[in-house]
Every structure is written in C-alpha cells, then in structure tokens.
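Asks: Just model.pdb, nothing more (PDB, C-alpha atoms, pLDDT in the B column):
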```pdb
ATOM      1  CA  MET A   1      60.945-211.418-160.104  1.00 95.00           C
ATOM      2  CA  ILE A   2      62.860-213.328-162.748  1.00 98.00           C
ATOM      3  CA  ARG A   3      63.700-211.356-165.879  1.00 98.00           C
ATOM      4  CA  PHE A   4      65.411-212.281-169.128  1.00 98.00           C
ATOM      5  CA  PHE A   5      67.648-209.975-171.160  1.00 98.00           C
ATOM      6  CA  THR A   6      69.993-210.229-174.130  1.00 97.00           C
ATOM      7  CA  GLU A   7      73.322-208.556-174.775  1.00 96.00           C
ATOM      8  CA  ASP A   8      74.966-208.466-178.222  1.00 95.00           C
ATOM      9  CA  ILE A   9      72.994-211.407-179.656  1.00 95.00           C
ATOM     10  CA  SER A  10      69.609-212.078-181.158  1.00 95.00           C
ATOM     11  CA  PHE A  11      67.929-214.659-178.934  1.00 96.00           C
ATOM     12  CA  THR A  12      64.415-215.157-177.656  1.00 95.00           C
ATOM     13  CA  LEU A  13      63.726-217.527-174.800  1.00 96.00           C
ATOM     14  CA  SER A  14      60.686-219.641-175.537  1.00 93.00           C
ATOM     15  CA  ARG A  15      58.081-220.256-172.846  1.00 95.00           C
ATOM     16  CA  LYS A  16      59.135-217.421-170.539  1.00 96.00           C
ATOM     17  CA  ILE A  17      56.246-217.711-168.086  1.00 96.00           C
ATOM     18  CA  PRO A  18      56.610-221.488-167.545  1.00 97.00           C
ATOM     19  CA  THR A  19      60.383-220.970-167.244  1.00 97.00           C
ATOM     20  CA  ARG A  20      59.885-218.346-164.517  1.00 97.00           C
ATOM     21  CA  GLN A  21      57.484-220.660-162.704  1.00 97.00           C
ATOM     22  CA  TRP A  22      59.890-223.607-162.995  1.00 97.00           C
ATOM     23  CA  LEU A  23      62.860-221.623-161.685  1.00 98.00           C
ATOM     24  CA  THR A  24      60.782-220.212-158.826  1.00 97.00           C
ATOM     25  CA  LYS A  25      59.707-223.744-157.843  1.00 97.00           C
ATOM     26  CA  LEU A  26      63.337-224.909-157.957  1.00 98.00           C
ATOM     27  CA  ALA A  27      64.291-222.091-155.590  1.00 98.00           C
ATOM     28  CA  LEU A  28      61.390-222.876-153.236  1.00 97.00           C
ATOM     29  CA  LYS A  29      62.359-226.559-153.206  1.00 97.00           C
ATOM     30  CA  GLU A  30      65.820-225.487-152.017  1.00 97.00           C
ATOM     31  CA  GLY A  31      64.314-223.263-149.303  1.00 97.00           C
ATOM     32  CA  PHE A  32      64.708-219.901-151.073  1.00 98.00           C
ATOM     33  CA  SER A  33      62.397-217.210-152.360  1.00 97.00           C
ATOM     34  CA  VAL A  34      63.246-215.243-155.483  1.00 98.00           C
ATOM     35  CA  GLY A  35      63.907-211.517-155.407  1.00 96.00           C
ATOM     36  CA  GLU A  36      65.530-209.750-158.363  1.00 97.00           C
ATOM     37  CA  LEU A  37      66.988-212.481-160.566  1.00 98.00           C
ATOM     38  CA  ASN A  38      68.246-211.524-164.016  1.00 98.00           C
ATOM     39  CA  TYR A  39      69.297-213.957-166.723  1.00 98.00           C
ATOM     40  CA  ILE A  40      71.361-212.245-169.410  1.00 98.00           C
ATOM     41  CA  PHE A  41      71.769-214.218-172.633  1.00 98.00           C
ATOM     42  CA  CYS A  42      74.893-213.259-174.536  1.00 98.00           C
ATOM     43  CA  SER A  43      77.633-214.412-176.916  1.00 98.00           C
ATOM     44  CA  ASP A  44      80.875-216.210-176.124  1.00 97.00           C
ATOM     45  CA  GLU A  45      82.852-213.017-176.671  1.00 97.00           C
ATOM     46  CA  TYR A  46      80.636-210.967-174.365  1.00 98.00           C
ATOM     47  CA  LEU A  47      80.882-213.546-171.580  1.00 97.00           C
ATOM     48  CA  LEU A  48      84.631-213.907-172.105  1.00 97.00           C
ATOM     49  CA  GLN A  49      84.949-210.156-171.488  1.00 97.00           C
ATOM     50  CA  VAL A  50      82.854-210.441-168.313  1.00 96.00           C
ATOM     51  CA  ASN A  51      85.042-213.352-167.207  1.00 94.00           C
ATOM     52  CA  ARG A  52      88.223-211.350-167.799  1.00 96.00           C
ATOM     53  CA  GLU A  53      86.972-208.115-166.261  1.00 94.00           C
ATOM     54  CA  TYR A  54      85.267-209.386-163.122  1.00 93.00           C
ATOM     55  CA  LEU A  55      86.848-212.778-162.399  1.00 92.00           C
ATOM     56  CA  GLU A  56      90.267-212.338-164.011  1.00 93.00           C
ATOM     57  CA  HIS A  57      89.763-215.603-165.927  1.00 93.00           C
ATOM     58  CA  ASP A  58      90.775-215.811-169.571  1.00 94.00           C
ATOM     59  CA  TYR A  59      88.608-218.614-170.920  1.00 93.00           C
ATOM     60  CA  TYR A  60      85.192-219.277-172.384  1.00 92.00           C
ATOM     61  CA  THR A  61      82.423-220.554-170.140  1.00 94.00           C
ATOM     62  CA  ASP A  62      78.727-221.239-170.512  1.00 95.00           C
ATOM     63  CA  ILE A  63      77.641-219.357-167.398  1.00 96.00           C
ATOM     64  CA  ILE A  64      78.771-216.816-164.828  1.00 97.00           C
ATOM     65  CA  THR A  65      76.662-216.173-161.749  1.00 97.00           C
ATOM     66  CA  PHE A  66      76.890-213.038-159.623  1.00 97.00           C
ATOM     67  CA  ASP A  67      75.209-213.308-156.228  1.00 97.00           C
ATOM     68  CA  ASN A  68      73.626-210.004-155.173  1.00 97.00           C
ATOM     69  CA  SER A  69      71.628-211.472-152.289  1.00 95.00           C
ATOM     70  CA  GLU A  70      71.350-209.371-149.170  1.00 94.00           C
ATOM     71  CA  GLU A  71      68.698-211.331-147.282  1.00 94.00           C
ATOM     72  CA  GLU A  72      69.082-214.875-146.032  1.00 93.00           C
ATOM     73  CA  ASN A  73      67.111-217.413-148.080  1.00 96.00           C
ATOM     74  CA  ARG A  74      66.271-214.859-150.793  1.00 97.00           C
ATOM     75  CA  LEU A  75      67.927-215.216-154.190  1.00 97.00           C
ATOM     76  CA  GLU A  76      69.054-212.124-156.033  1.00 98.00           C
ATOM     77  CA  GLY A  77      71.632-211.972-158.752  1.00 98.00           C
ATOM     78  CA  ASP A  78      72.723-211.694-162.344  1.00 98.00           C
ATOM     79  CA  ILE A  79      73.290-214.870-164.331  1.00 98.00           C
ATOM     80  CA  PHE A  80      75.075-214.494-167.665  1.00 98.00           C
ATOM     81  CA  VAL A  81      74.554-217.341-170.133  1.00 98.00           C
ATOM     82  CA  SER A  82      76.528-217.783-173.354  1.00 98.00           C
ATOM     83  CA  ILE A  83      74.091-219.019-175.980  1.00 98.00           C
ATOM     84  CA  ASP A  84      77.106-219.876-178.176  1.00 97.00           C
ATOM     85  CA  ARG A  85      78.417-222.247-175.469  1.00 97.00           C
ATOM     86  CA  VAL A  86      74.970-223.728-174.845  1.00 98.00           C
ATOM     87  CA  ARG A  87      74.591-224.509-178.553  1.00 97.00           C
ATOM     88  CA  ASP A  88      78.092-225.935-178.815  1.00 97.00           C
ATOM     89  CA  ASN A  89      77.656-228.056-175.670  1.00 97.00           C
ATOM     90  CA  ALA A  90      74.348-229.410-176.988  1.00 98.00           C
ATOM     91  CA  ARG A  91      75.993-230.389-180.281  1.00 98.00           C
ATOM     92  CA  GLN A  92      78.896-232.089-178.504  1.00 97.00           C
ATOM     93  CA  LEU A  93      76.572-233.940-176.133  1.00 96.00           C
ATOM     94  CA  THR A  94      74.105-234.713-178.952  1.00 97.00           C
ATOM     95  CA  ILE A  95      71.179-233.405-176.934  1.00 97.00           C
ATOM     96  CA  PRO A  96      68.525-230.802-177.798  1.00 96.00           C
ATOM     97  CA  GLU A  97      69.598-227.178-177.289  1.00 96.00           C
ATOM     98  CA  GLU A  98      66.573-226.572-175.069  1.00 95.00           C
ATOM     99  CA  GLN A  99      67.692-229.350-172.716  1.00 96.00           C
ATOM    100  CA  GLU A 100      71.176-227.870-172.401  1.00 97.00           C
ATOM    101  CA  LEU A 101      69.758-224.370-171.926  1.00 98.00           C
ATOM    102  CA  ARG A 102      67.451-225.579-169.143  1.00 97.00           C
ATOM    103  CA  ARG A 103      70.397-227.337-167.470  1.00 97.00           C
ATOM    104  CA  VAL A 104      72.425-224.124-167.554  1.00 98.00           C
ATOM    105  CA  LEU A 105      69.514-222.015-166.250  1.00 98.00           C
ATOM    106  CA  ALA A 106      69.123-224.423-163.324  1.00 98.00           C
ATOM    107  CA  HIS A 107      72.900-224.491-162.792  1.00 98.00           C
ATOM    108  CA  GLY A 108      73.015-220.728-162.230  1.00 98.00           C
ATOM    109  CA  LEU A 109      70.125-220.829-159.797  1.00 98.00           C
ATOM    110  CA  LEU A 110      71.726-223.755-157.941  1.00 98.00           C
ATOM    111  CA  HIS A 111      74.925-221.713-157.552  1.00 97.00           C
ATOM    112  CA  LEU A 112      72.872-219.014-155.839  1.00 97.00           C
ATOM    113  CA  CYS A 113      71.408-221.699-153.573  1.00 97.00           C
ATOM    114  CA  GLY A 114      74.923-222.545-152.421  1.00 96.00           C
ATOM    115  CA  TYR A 115      75.914-225.439-154.652  1.00 97.00           C
ATOM    116  CA  GLY A 116      79.468-225.312-155.942  1.00 95.00           C
ATOM    117  CA  ASP A 117      81.291-227.057-158.740  1.00 94.00           C
ATOM    118  CA  LYS A 118      84.978-226.788-157.886  1.00 93.00           C
ATOM    119  CA  THR A 119      85.661-230.215-156.359  1.00 96.00           C
ATOM    120  CA  ASP A 120      84.709-233.643-157.704  1.00 97.00           C
ATOM    121  CA  GLU A 121      82.203-234.039-154.863  1.00 97.00           C
ATOM    122  CA  GLU A 122      80.628-230.646-155.619  1.00 97.00           C
ATOM    123  CA  VAL A 123      80.435-231.420-159.337  1.00 96.00           C
ATOM    124  CA  LYS A 124      78.736-234.748-158.624  1.00 97.00           C
ATOM    125  CA  ARG A 125      76.154-233.089-156.360  1.00 97.00           C
ATOM    126  CA  MET A 126      75.587-230.242-158.841  1.00 97.00           C
ATOM    127  CA  ARG A 127      74.941-232.760-161.656  1.00 97.00           C
ATOM    128  CA  GLU A 128      72.443-234.620-159.466  1.00 97.00           C
ATOM    129  CA  LYS A 129      70.597-231.376-158.715  1.00 97.00           C
ATOM    130  CA  GLU A 130      70.639-230.405-162.399  1.00 97.00           C
ATOM    131  CA  GLU A 131      69.130-233.763-163.334  1.00 96.00           C
ATOM    132  CA  GLU A 132      66.421-233.343-160.678  1.00 96.00           C
ATOM    133  CA  SER A 133      65.715-229.883-162.085  1.00 96.00           C
ATOM    134  CA  LEU A 134      65.436-231.152-165.653  1.00 96.00           C
ATOM    135  CA  ALA A 135      63.130-233.935-164.531  1.00 96.00           C
ATOM    136  CA  SER A 136      60.826-231.399-162.892  1.00 95.00           C
ATOM    137  CA  TRP A 137      60.659-229.502-166.218  1.00 93.00           C
ATOM    138  CA  GLY A 138      59.857-232.739-168.000  1.00 77.00           C
ATOM    139  CA  ILE A 139      63.113-233.261-169.890  1.00 65.00           C
TER     140      ILE A 139
END
```
How does the structure come out when it is put into structure tokens?

Replies:
Amino acid sequence: MIRFFTEDISFTLSRKIPTRQWLTKLALKEGFSVGELNYIFCSDEYLLQVNREYLEHDYYTDIITFDNSEEENRLEGDIFVSIDRVRDNARQLTIPEEQELRRVLAHGLLHLCGYGDKTDEEVKRMREKEEESLASWGI
C-alpha cells in the first residue's frame, strides 16, 4: 500500500489514486511489488533535520529515501520529499511544479528499485528512468 503524509507543512497531493496506480505500475515494470511505501511531504527545514540526524549530511535536498524492504522484489520504505525544494527546482527549471513533483516521486521509488545517483553513469541512468516514468504518467 502506498500512503501519503505531511509533516510541518500544508500540502495536499492531487490525484492520489492515479498516483498510487502509477507508482505501483512503475514498481511492477521494474520487477517489484509494493508493500508498505510511505511518502512524507515536508519542508526544507524538516528534511534538513532528517538529513543531519540520520545521514549526517548538512545540506538541503529534495528527497531522502529509507529502504525498509525485508523481502526480495518487494518495496517497502519511507520517502521524504521537500515540497520547498520541489517548488524551487520547478521555478529554476521553468517547468510545472506537478512535473517536478512526479519526477521526485519516481526518483524515490527508483532508488528502492536499486538505481543510484552517485556516479555520472548512475545519474545518467536515473534520469533516463525518470523520463520514462514521466512519459508513462503523460508528462
């Protein structure tokens, strides 16, 4: 089950049911089923605190993904998304906020599927998968 929560911000995800269906299809396409998957929408400051406390990183980010999977090929985790970062990224890229939000939602799920973004090669592959994901949403 995919669930959506908020922490310290006022935000409502539009089209929750189609979003759940889309994310589930993305997981299935990658060979995974979805167990307990939580997206937590929050502020920059909230996510910065999570980054400091759990990853010992002292910088802002748009997403942090915690993999709680215990079964092979079954996704479970907590994905924290900074709505502040999503909005700022969308402005900088001159794209709709919804498009950037969908990219970030897919990005977190792709991390759980095993895609990284530390090396240039990984970043290139992650971007390709994000674009495929957006195309399947219709963006």

Asks: Could you spell out the hits of the PyMOL selection byres ((chain A and resi 22-29) around 8) on the shown file, as an NGL selection string?

Replies: :A and (18-21 or 30-34 or 75 or 106 or 109-110 or 113 or 133 or 136-137)

Asks: I'd like to see the residues matched by the PyMOL selection byres ((chain A and resi 59-72) around 7) on this file, and ideally I'd get them as a compact mmCIF listing (two decimals) with C-alpha atoms, in the coordinates of the input.

Replies:
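Listed below is the output, expr02.txt:
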```
# COMPACT_ATOMS: atom_id res chain seq x y z
CA ASP A 44 80.88 -216.21 -176.12
CA LEU A 48 84.63 -213.91 -172.10
CA HIS A 57 89.76 -215.60 -165.93
CA ASP A 58 90.78 -215.81 -169.57
CA ASN A 73 67.11 -217.41 -148.08
CA ARG A 74 66.27 -214.86 -150.79
CA LEU A 75 67.93 -215.22 -154.19
CA GLU A 76 69.05 -212.12 -156.03
CA GLY A 77 71.63 -211.97 -158.75
CA ASP A 78 72.72 -211.69 -162.34
CA ILE A 79 73.29 -214.87 -164.33
CA PHE A 80 75.08 -214.49 -167.66
CA VAL A 81 74.55 -217.34 -170.13
CA SER A 82 76.53 -217.78 -173.35
CA ARG A 85 78.42 -222.25 -175.47
CA VAL A 86 74.97 -223.73 -174.84
CA GLY A 108 73.02 -220.73 -162.23
CA LEU A 112 72.87 -219.01 -155.84
```

Asks: Might you spell out which residues the PyMOL selection byres ((chain A and resi 5) around 6) would select in the displayed file, as a list in words?

Replies: Phe4, Thr6 and Ile40 of chain A

Asks: Provide an axis-aligned box for all listed atoms of range 52-66 of chain A, padding each side by 5 Å; report its centre and its edge lengths in Å to one decimal, as JSON.

Replies:
```
{"center_x": 83.7, "center_y": -214.7, "center_z": -166.0, "size_x": 24.1, "size_y": 23.1, "size_z": 22.8}
```

Asks: For a test of reading the model, state the distance in Å between CA of Arg3 in chain A and CA of Glu122 in chain A, rounded to one decimal.

Replies: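 The value is 27.6 Å.
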
Asks: Work out how far apart CA of His107 in chain A and CA of Phe41 in chain A are and give it in Å to one decimal.

Replies: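 Computing the Euclidean distance for CA of His107 in chain A and CA of Phe41 in chain A yields 14.3 Å.
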
Asks: Quick check, in Å to one decimal: how far apart do CA of Glu97 in chain A and CA of Val50 in chain A lie?

Replies: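 Separating CA of Glu97 in chain A from CA of Val50 in chain A is a distance of 23.2 Å.
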
Asks: Pick out the closest residue to Tyr115 in chain A from this set: A:Asp84, A:Glu128, A:Glu56, A:Glu36. Count only C-alpha atoms.

Replies: A:Glu128

Asks: Just checking: using only C-alpha atoms, which residue out of A:Arg103, A:Ile2, A:Arg15, A:Ile83 ends up closest to Leu37 in chain A?

Replies: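 Smallest separation from Leu37 in chain A among the options: A:Ile2.
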